[in-house]
$ cat target_17.tsv   # TSV, C-alpha atoms
chain	number	residue	atom	x	y	z
A	1	MET	CA	44.73	-24.00	-8.52
A	2	MET	CA	47.56	-21.64	-7.50
A	3	ALA	CA	49.50	-24.06	-5.29
A	4	ALA	CA	51.82	-25.03	-8.16
A	5	TYR	CA	53.35	-21.53	-8.08
A	6	GLY	CA	54.55	-21.89	-4.51
A	7	ASP	CA	54.29	-19.34	-1.73
A	8	SER	CA	54.86	-16.20	-3.76
A	9	PRO	CA	54.00	-12.76	-2.34
A	10	VAL	CA	53.16	-11.41	-5.83
A	11	ILE	CA	50.57	-14.17	-6.31
A	12	ARG	CA	48.90	-13.39	-2.99
A	13	SER	CA	49.03	-9.62	-3.48
A	14	THR	CA	47.34	-9.98	-6.89
A	15	PHE	CA	44.51	-11.95	-5.31
A	16	ASP	CA	44.27	-9.37	-2.51
A	17	GLU	CA	43.95	-6.62	-5.12
A	18	ALA	CA	41.20	-8.53	-6.93
A	19	SER	CA	39.40	-9.22	-3.65
A	20	ARG	CA	39.35	-5.51	-2.84
A	21	ALA	CA	37.94	-4.77	-6.29
A	22	LEU	CA	35.09	-7.25	-5.77
A	23	GLY	CA	34.55	-6.81	-2.05
A	24	ARG	CA	34.93	-10.54	-1.36
A	25	ASP	CA	37.77	-12.93	-0.59
A	26	LEU	CA	38.94	-14.62	-3.79
A	27	TRP	CA	42.01	-16.15	-2.17
A	28	ASN	CA	39.89	-18.13	0.29
A	29	LEU	CA	37.65	-19.22	-2.57
A	30	VAL	CA	40.55	-20.42	-4.71
A	31	THR	CA	42.29	-22.25	-1.85
A	32	GLU	CA	39.32	-23.61	0.08
A	33	GLY	CA	36.53	-23.90	-2.48
A	34	PRO	CA	34.04	-25.51	-2.32
A	35	ALA	CA	34.24	-27.03	-5.79
A	36	ASP	CA	30.64	-26.19	-6.72
A	37	ALA	CA	31.33	-22.51	-5.96
A	38	LEU	CA	34.47	-22.58	-8.13
A	39	GLY	CA	32.38	-23.99	-10.98
A	40	GLN	CA	29.89	-21.11	-10.95
A	41	THR	CA	30.79	-18.84	-13.85
A	42	VAL	CA	30.30	-15.72	-11.73
A	43	ASN	CA	33.24	-16.98	-9.64
A	44	THR	CA	35.18	-18.81	-12.35
A	45	GLN	CA	35.63	-15.78	-14.58
A	46	PRO	CA	37.14	-13.43	-11.94
A	47	LEU	CA	39.29	-16.28	-10.60
A	48	MET	CA	40.69	-17.16	-14.02
A	49	LEU	CA	41.43	-13.53	-14.82
A	50	THR	CA	43.18	-13.08	-11.47
A	51	SER	CA	45.17	-16.30	-11.75
A	52	GLY	CA	46.41	-15.37	-15.21
A	53	ILE	CA	47.52	-11.90	-14.13
A	54	ALA	CA	49.12	-13.32	-10.96
A	55	ALA	CA	51.13	-15.80	-13.02
A	56	TYR	CA	52.17	-13.08	-15.48
A	57	ARG	CA	53.34	-10.84	-12.64
A	58	LEU	CA	55.36	-13.73	-11.22
A	59	TRP	CA	56.88	-14.29	-14.68
A	60	ARG	CA	57.95	-10.66	-14.84
A	61	GLU	CA	59.27	-10.73	-11.26
A	62	LYS	CA	61.47	-13.68	-12.22
A	63	GLY	CA	62.95	-11.73	-15.10
A	64	GLY	CA	60.60	-12.88	-17.83
A	65	LYS	CA	60.44	-10.63	-20.88
A	66	VAL	CA	57.47	-8.51	-21.89
A	67	PRO	CA	55.84	-10.42	-24.76
A	68	ASP	CA	55.84	-9.04	-28.29
A	69	MET	CA	52.18	-9.96	-28.67
A	70	VAL	CA	49.36	-11.33	-26.53
A	71	ALA	CA	45.99	-13.00	-27.05
A	72	GLY	CA	43.47	-14.76	-24.87
A	73	HIS	CA	40.93	-17.49	-25.54
A	74	SER	CA	37.47	-16.12	-24.68
A	75	LEU	CA	37.74	-14.81	-21.11
A	76	GLY	CA	41.52	-14.84	-21.51
A	77	GLU	CA	41.26	-11.87	-23.84
A	78	TYR	CA	40.54	-9.74	-20.77
A	79	SER	CA	43.77	-10.94	-19.15
A	80	ALA	CA	45.60	-10.11	-22.39
A	81	LEU	CA	44.14	-6.59	-22.36
A	82	VAL	CA	45.28	-6.07	-18.77
A	83	VAL	CA	48.81	-7.21	-19.66
A	84	ALA	CA	48.78	-4.86	-22.66
A	85	GLY	CA	47.78	-1.89	-20.49
A	86	VAL	CA	44.36	-1.46	-22.11
A	87	LEU	CA	42.33	-2.36	-19.02
A	88	ARG	CA	43.28	-1.58	-15.45
A	89	PHE	CA	43.27	-4.77	-13.39
A	90	GLU	CA	41.02	-3.21	-10.72
A	91	ASP	CA	38.48	-2.44	-13.47
A	92	ALA	CA	38.83	-5.78	-15.25
A	93	VAL	CA	37.94	-7.93	-12.23
A	94	PRO	CA	34.45	-6.50	-11.63
A	95	LEU	CA	33.97	-6.25	-15.40
A	96	VAL	CA	34.42	-9.98	-15.93
A	97	GLU	CA	32.17	-10.70	-12.94
A	98	PHE	CA	29.50	-8.57	-14.64
A	99	ARG	CA	30.16	-10.39	-17.94
A	100	ALA	CA	29.68	-13.72	-16.17
A	101	LYS	CA	26.37	-12.66	-14.66
A	102	ALA	CA	25.14	-11.30	-17.98
A	103	MET	CA	26.04	-14.52	-19.80
A	104	GLN	CA	24.51	-16.71	-17.11
A	105	GLU	CA	21.25	-14.74	-17.16
A	106	ALA	CA	20.99	-14.57	-20.97
A	107	VAL	CA	19.69	-18.16	-21.21
A	108	PRO	CA	17.60	-19.92	-18.52
A	109	ALA	CA	19.40	-22.76	-16.75
A	110	GLY	CA	19.14	-26.04	-18.61
A	111	GLU	CA	18.04	-24.52	-21.93
A	112	GLY	CA	21.52	-24.16	-23.40
A	113	ALA	CA	24.45	-26.52	-23.95
A	114	MET	CA	27.90	-26.82	-25.51
A	115	ALA	CA	29.71	-29.79	-27.04
A	116	ALA	CA	33.21	-30.42	-28.38
A	117	ILE	CA	33.34	-32.05	-31.80
A	118	LEU	CA	36.62	-33.90	-32.37
A	119	GLY	CA	37.95	-35.23	-35.66
A	120	LEU	CA	35.74	-33.23	-38.02
A	121	ASN	CA	36.87	-30.13	-39.90
A	122	SER	CA	35.28	-26.76	-39.25
A	123	ALA	CA	33.37	-26.62	-42.55
A	124	ALA	CA	31.73	-29.96	-41.81
A	125	VAL	CA	30.85	-28.86	-38.26
A	126	ILE	CA	29.26	-25.66	-39.56
A	127	SER	CA	27.26	-27.72	-42.06
A	128	VAL	CA	26.11	-30.10	-39.32
A	129	CYS	CA	24.97	-27.16	-37.20
A	130	ASN	CA	22.98	-25.66	-40.07
A	131	GLU	CA	21.25	-28.97	-40.70
A	132	SER	CA	20.54	-29.61	-37.02
A	133	ALA	CA	19.15	-26.22	-36.00
A	134	GLN	CA	15.55	-26.95	-37.04
A	135	GLY	CA	14.37	-23.53	-35.94
A	136	GLN	CA	16.60	-23.43	-32.87
A	137	VAL	CA	20.15	-22.14	-32.39
A	138	VAL	CA	23.25	-24.33	-32.68
A	139	GLU	CA	26.47	-22.77	-33.92
A	140	ALA	CA	30.20	-23.43	-34.14
A	141	VAL	CA	31.66	-21.13	-31.48
A	142	ASN	CA	35.23	-22.16	-30.61
A	143	PHE	CA	37.59	-23.01	-33.47
A	144	ASN	CA	40.30	-24.51	-31.25
A	145	THR	CA	42.20	-26.55	-33.86
A	146	PRO	CA	41.44	-27.48	-37.47
A	147	GLU	CA	39.64	-30.60	-36.16
A	148	GLN	CA	38.47	-29.54	-32.70
A	149	VAL	CA	35.44	-27.30	-32.81
A	150	VAL	CA	33.06	-26.48	-29.97
A	151	ILE	CA	29.38	-25.90	-30.70
A	152	ALA	CA	26.79	-24.11	-28.59
A	153	GLY	CA	23.10	-23.26	-28.59
A	154	HIS	CA	19.78	-24.69	-27.46
A	155	ALA	CA	20.35	-27.97	-25.63
A	156	ALA	CA	18.18	-30.06	-27.96
A	157	ALA	CA	19.81	-28.61	-31.07
A	158	VAL	CA	23.29	-29.19	-29.67
A	159	GLN	CA	22.36	-32.82	-28.99
A	160	ARG	CA	21.07	-33.23	-32.55
A	161	ALA	CA	24.23	-31.68	-33.96
A	162	ALA	CA	26.46	-33.87	-31.80
A	163	GLU	CA	24.72	-37.01	-33.07
A	164	ALA	CA	24.84	-35.76	-36.67
A	165	ALA	CA	28.56	-35.00	-36.32
A	166	LYS	CA	29.26	-38.56	-35.21
A	167	ALA	CA	27.22	-39.86	-38.13
A	168	ARG	CA	29.30	-37.60	-40.41
A	169	GLY	CA	32.53	-39.18	-39.14
A	170	ALA	CA	33.54	-37.23	-36.02
A	171	LYS	CA	35.72	-39.27	-33.67
A	172	ARG	CA	33.90	-37.93	-30.61
A	173	ALA	CA	31.18	-35.47	-29.67
A	174	VAL	CA	31.43	-34.58	-25.99
A	175	LEU	CA	28.91	-32.50	-24.07
A	176	LEU	CA	30.73	-29.95	-21.92
A	177	PRO	CA	29.93	-29.20	-18.26
A	178	VAL	CA	29.16	-25.50	-18.73
A	179	SER	CA	26.53	-23.23	-17.22
A	180	ALA	CA	25.60	-21.38	-20.43
A	181	PRO	CA	25.99	-21.67	-24.24
A	182	PHE	CA	28.86	-19.20	-24.54
A	183	HIS	CA	29.74	-17.30	-27.73
A	184	CYS	CA	26.63	-18.25	-29.71
A	185	SER	CA	23.91	-15.81	-30.81
A	186	LEU	CA	21.86	-16.65	-27.69
A	187	MET	CA	24.41	-14.47	-25.87
A	188	LYS	CA	23.30	-11.29	-27.70
A	189	PRO	CA	21.38	-9.99	-24.63
A	190	ALA	CA	24.58	-10.41	-22.60
A	191	ALA	CA	26.56	-8.60	-25.29
A	192	GLU	CA	24.19	-5.64	-25.13
A	193	ARG	CA	24.50	-5.45	-21.34
A	194	LEU	CA	28.28	-5.61	-21.74
A	195	ARG	CA	28.13	-2.73	-24.23
A	196	GLN	CA	26.42	-0.55	-21.65
A	197	LYS	CA	28.91	-1.53	-18.95
A	198	LEU	CA	31.95	-0.87	-21.16
A	199	ALA	CA	30.59	2.58	-22.04
A	200	CYS	CA	31.26	3.58	-18.43
A	201	LEU	CA	34.90	2.41	-18.43
A	202	SER	CA	38.03	4.14	-19.63
A	203	LEU	CA	40.34	2.03	-21.83
A	204	SER	CA	43.82	2.97	-23.02
A	205	PRO	CA	45.62	2.23	-26.30
A	206	PRO	CA	47.57	-1.06	-26.04
A	207	GLN	CA	51.25	-0.97	-25.16
A	208	ILE	CA	51.60	-4.51	-26.59
A	209	LYS	CA	49.83	-5.85	-29.67
A	210	VAL	CA	46.67	-7.81	-28.78
A	211	VAL	CA	45.14	-10.20	-31.32
A	212	ASN	CA	41.42	-10.27	-30.57
A	213	ASN	CA	39.01	-13.20	-30.78
A	214	SER	CA	36.22	-11.81	-32.92
A	215	ASP	CA	38.19	-10.11	-35.73
A	216	VAL	CA	41.67	-11.70	-35.46
A	217	ALA	CA	42.93	-8.12	-35.57
A	218	CYS	CA	45.30	-5.93	-33.53
A	219	LEU	CA	43.18	-2.90	-32.70
A	220	THR	CA	44.61	0.30	-31.22
A	221	ASP	CA	41.56	2.55	-30.78
A	222	PRO	CA	39.97	1.98	-27.33
A	223	LEU	CA	36.48	2.48	-28.79
A	224	LEU	CA	37.09	-0.24	-31.37
A	225	ILE	CA	38.49	-2.52	-28.67
A	226	LYS	CA	35.28	-2.04	-26.66
A	227	GLY	CA	33.25	-2.97	-29.74
A	228	ALA	CA	35.30	-6.12	-30.25
A	229	LEU	CA	34.72	-7.17	-26.63
A	230	VAL	CA	30.97	-6.67	-27.10
A	231	ARG	CA	30.96	-8.80	-30.27
A	232	GLN	CA	33.15	-11.42	-28.63
A	233	ALA	CA	30.42	-12.36	-26.14
A	234	ALA	CA	28.09	-13.58	-28.88
A	235	SER	CA	30.47	-14.57	-31.67
A	236	PRO	CA	33.02	-17.36	-32.22
A	237	VAL	CA	36.50	-17.59	-30.73
A	238	ARG	CA	38.70	-17.85	-33.83
A	239	TRP	CA	41.68	-19.43	-32.09
A	240	VAL	CA	43.17	-21.26	-35.08
A	241	GLU	CA	43.28	-18.01	-37.05
A	242	THR	CA	44.70	-16.20	-34.01
A	243	MET	CA	47.65	-18.59	-33.83
A	244	GLN	CA	48.13	-18.38	-37.59
A	245	ALA	CA	48.11	-14.57	-37.41
A	246	MET	CA	50.76	-14.64	-34.69
A	247	ALA	CA	52.94	-16.93	-36.77
A	248	ALA	CA	52.51	-14.71	-39.82
A	249	LEU	CA	53.64	-11.70	-37.75
A	250	GLY	CA	56.87	-13.46	-36.78
A	251	ILE	CA	55.99	-14.99	-33.41
A	252	THR	CA	57.85	-18.27	-32.80
A	253	HIS	CA	57.04	-19.17	-29.17
A	254	VAL	CA	53.62	-19.05	-27.50
A	255	TYR	CA	53.27	-19.56	-23.75
A	256	GLU	CA	50.06	-20.18	-21.86
A	257	CYS	CA	50.10	-18.05	-18.71
A	258	GLY	CA	48.05	-19.37	-15.79
A	259	PRO	CA	47.05	-22.67	-14.18
A	260	GLY	CA	46.30	-24.66	-17.33
A	261	LYS	CA	47.95	-26.48	-20.24
A	262	VAL	CA	45.15	-26.96	-22.76
A	263	LEU	CA	45.99	-24.04	-25.05
A	264	ALA	CA	49.70	-24.86	-25.07
A	265	GLY	CA	48.83	-28.28	-26.45
A	266	LEU	CA	46.87	-26.76	-29.33
A	267	VAL	CA	49.58	-24.45	-30.65
A	268	LYS	CA	51.37	-26.77	-33.08
A	269	ARG	CA	48.06	-28.08	-34.40
A	270	CYS	CA	46.98	-24.54	-35.32
A	271	ALA	CA	50.01	-23.13	-37.13
A	272	ASP	CA	53.31	-24.32	-38.55
A	273	GLY	CA	56.41	-22.77	-37.05
A	274	LEU	CA	55.00	-22.15	-33.58
A	275	ALA	CA	56.31	-23.79	-30.41
A	276	GLY	CA	54.02	-23.87	-27.40
A	277	GLY	CA	54.63	-24.12	-23.69
A	278	ALA	CA	52.68	-23.78	-20.47
A	279	MET	CA	53.65	-21.69	-17.46
A	280	ALA	CA	51.18	-23.63	-15.31
A	281	ASP	CA	53.67	-24.10	-12.46
A	282	LEU	CA	57.14	-22.99	-11.37
A	283	ALA	CA	58.84	-25.67	-13.47
A	284	GLY	CA	57.02	-24.53	-16.60
A	285	MET	CA	57.94	-20.94	-15.87
A	286	GLU	CA	61.61	-21.82	-15.38
A	287	ALA	CA	61.58	-23.76	-18.65
A	288	ALA	CA	60.11	-20.74	-20.45
A	289	LEU	CA	62.75	-18.47	-18.91
A	290	ALA	CA	65.50	-20.82	-20.13
A	291	VAL	CA	64.18	-20.71	-23.69
A	292	MET	CA	63.81	-16.93	-23.69
A	293	ASP	CA	67.35	-16.50	-22.34
A	294	ALA	CA	68.90	-18.88	-24.85
$ encode --input "target_17.tsv" --output "C-alpha cells"
Amino acid sequence: MMAAYGDSPVIRSTFDEASRALGRDLWNLVTEGPADALGQTVNTQPLMLTSGIAAYRLWREKGGKVPDMVAGHSLGEYSALVVAGVLRFEDAVPLVEFRAKAMQEAVPAGEGAMAAILGLNSAAVISVCNESAQGQVVEAVNFNTPEQVVIAGHAAAVQRAAEAAKARGAKRAVLLPVSAPFHCSLMKPAAERLRQKLACLSLSPPQIKVVNNSDVACLTDPLLIKGALVRQAASPVRWVETMQAMAALGITHVYECGPGKVLAGLVKRCADGLAGGAMADLAGMEAALAVMDA
C-alpha cells in the first residue's frame, strides 16, 4: 500500500517509529502481508494511521504547506489529531490498536454487519433503519454524501434495512466486508474502554483547527477532545457536515492524505465550492504541490 510513494526514507522511518511503539514490525506487515492479516482491524487501524502520517511527513518534506484545517473520517480523525499536534504519534499508534481491539470485542463475530445504501437521502435511510430495527439495532452511521449513507448494527437488522432501502428506491444496498458494526450504539462498550484508556494519556491543544466527526466542531480543550473521541466510537461520522463546515470556514481545497482516493471523490458531492484531490501516490502529491504553489 505504500509502494506508490517510492523509496522514501521518511516513509520508512515513520513505519519504524510506529513499529517501536507497538513492539512489532509494521513495515513487514504492510509490504509482505498476508492479506488476511492486513484485513484484521487490530492491524488495519495502526497501519492506516501510520500510512497517513507517513504520507503527510513526505508532503511536508517536499515543501507542502501546513494545512489551515484538518479532519479525518472515523479512524482518520486520529491522524488529523497527530498532524494538529494534539496526539503524539508514539501514543496514537498503540491507542488506535487498543481502539481496534475494543471495537472488535464489543460485538461477537458474525453478530454485526454494515451496509452502504446508495441513491437514498439520509432522512429516508434513517426512516428505513427505524422501521427495520424490530427490537434490534440498525442505525445510519456514516453520512458520506447526501445520497451515500452507511448503516450498521445487528446483522439481521442490517439485512432487513438493506432490503427495505431497495424497496424504498435505493439504487444499491451493499453489505460491507467489515469485522464489526462500527459507529453504531453496539460500540458503547468499546467507547467506555476507550474513555478509560484516554484518561491515561496527555493531549495538547491543537496547533491546527480539527473538525471532529461527532460534533462537527473545532475543539481546543484537550478534555473536550477526549470526550469527542469517546463519543465518536459509538456515534455517526458526519462527513457531509464536516465538508460543509470546512467550506463555510473558507476552505477551498481538500486533499486526502494516504494510500486512498475514496474521500477525495466525495468532496464535491458534499459541499459547493470545494475542490478535492488525493495524495495517494507521488503524482498526486506533485499535483497538490503545483496547485498550492500557484
$ atom_distance --input "target_17.tsv" --atom1 "atom CA of A:Ala84" --atom2 "atom CA of A:Val210"
7.1 Å
$ closest_residue --input "target_17.tsv" --among "A:Ala180, A:Met187, A:Ala116, A:Ala264" --to "A:Val42" --atoms "only C-alpha atoms"
A:Ala180
$ closest_residue --input "target_17.tsv" --among "A:Val174, A:Leu49, A:Ala290, A:Ala167" --to "A:Asp91" --atoms "only C-alpha atoms"
A:Leu49
$ residues_around --input "target_17.tsv" --residues "stretch 126-134 of chain A" --least-positions-apart "3" --cutoff "6 Å" --atoms "all atoms listed in the file" --output "ChimeraX atom specification"
/A:123,137-140,157,160-161
$ residues_around --input "target_17.tsv" --residues "stretch 16-28 of chain A" --least-positions-apart "3" --cutoff "8 Å" --atoms "all atoms listed in the file" --output "JSON, numbers by chain"
{"A": [12, 13, 31, 32, 33, 47, 50, 89, 90, 91, 93, 94]}
$ write_last_selection --input "target_17.tsv" --atoms "C-alpha atoms" --output "mmCIF file, keeping the file's coordinate frame"
data_model
loop_
_atom_site.group_PDB
_atom_site.id
_atom_site.type_symbol
_atom_site.label_atom_id
_atom_site.label_comp_id
_atom_site.auth_asym_id
_atom_site.auth_seq_id
_atom_site.Cartn_x
_atom_site.Cartn_y
_atom_site.Cartn_z
ATOM 1 C CA ARG A 12 48.900 -13.390 -2.990
ATOM 2 C CA SER A 13 49.030 -9.620 -3.480
ATOM 3 C CA THR A 31 42.290 -22.250 -1.850
ATOM 4 C CA GLU A 32 39.320 -23.610 0.080
ATOM 5 C CA GLY A 33 36.530 -23.900 -2.480
ATOM 6 C CA LEU A 47 39.290 -16.280 -10.600
ATOM 7 C CA THR A 50 43.180 -13.080 -11.470
ATOM 8 C CA PHE A 89 43.270 -4.770 -13.390
ATOM 9 C CA GLU A 90 41.020 -3.210 -10.720
ATOM 10 C CA ASP A 91 38.480 -2.440 -13.470
ATOM 11 C CA VAL A 93 37.940 -7.930 -12.230
ATOM 12 C CA PRO A 94 34.450 -6.500 -11.630
#
$ closest_atom_pairs --input "target_17.tsv" --of "stretch 186-278 of chain A" --to "stretch 60-76 of chain A" --cutoff "6 Å" --atoms "all atoms listed in the file" --output "tab-separated table"
residue	atom	partner	partner_atom	distance
A:Ile208	CA	A:Met69	CA	5.9
A:Lys209	CA	A:Met69	CA	4.8
A:Val210	CA	A:Val70	CA	5.0
A:Val211	CA	A:Ala71	CA	5.2
$ residues_around --input "target_17.tsv" --residues "A:Asp221" --least-positions-apart "5" --cutoff "12 Å" --atoms "all atoms listed in the file" --output "ChimeraX atom specification"
/A:86,202-207,209-210,226-228
$ residues_near_point --input "target_17.tsv" --point "(48.6, -24.0, -31.4)" --cutoff "9 Å" --atoms "only C-alpha atoms" --output "list in words"
Asn144, Thr145, Trp239, Val240, Met243, Gln244, Val254, Leu263, Ala264, Gly265, Leu266, Val267, Lys268, Arg269, Cys270, Ala271, Asp272, Leu274, Ala275 and Gly276 of chain A
$ axis_aligned_box --input "target_17.tsv" --around "stretch 29-42 of chain A" --padding-each-side "5 Å" --output "lines of an AutoDock Vina configuration file"
center_x = 36.1
center_y = -21.4
center_z = -6.9
size_x = 22.4
size_y = 21.3
size_z = 23.9
$ atom_distance --input "target_17.tsv" --atom1 "atom CA of A:Gly52" --atom2 "atom CA of A:Pro181"
23.2 Å
$ closest_residue --input "target_17.tsv" --among "A:Lys171, A:Met292, A:Ala113, A:Thr252" --to "A:Leu186" --atoms "only C-alpha atoms"
A:Ala113
$ residues_around --input "target_17.tsv" --residues "A:Thr14" --least-positions-apart "5" --cutoff "9 Å" --atoms "all atoms listed in the file" --output "VMD selection string"
chain A and resid 9 19 50 to 51 53 to 54 57
$ residues_around --input "target_17.tsv" --residues "A:Ala124" --least-positions-apart "6" --cutoff "10 Å" --atoms "all atoms listed in the file" --output "list of chain:residue names"
A:Asn130, A:Glu147, A:Ala165, A:Arg168, A:Gly169, A:Ala170
$ atom_distance --input "target_17.tsv" --atom1 "atom CA of A:Gly6" --atom2 "atom CA of A:Tyr78"
24.7 Å
$ closest_residue --input "target_17.tsv" --among "A:Ala37, A:Glu163, A:Ala155, A:Leu58" --to "A:Ser8" --atoms "all atoms listed in the file"
A:Leu58
$ closest_residue --input "target_17.tsv" --among "A:Ala80, A:Gln232, A:Asp281, A:Ala106" --to "A:Met1" --atoms "only C-alpha atoms"
A:Asp281
$ residues_near_point --input "target_17.tsv" --point "(46.1, -24.4, -14.3)" --cutoff "10 Å" --atoms "only C-alpha atoms" --output "PyMOL selection string"
chain A and resi 1-5+48+51-52+256-262+278-281
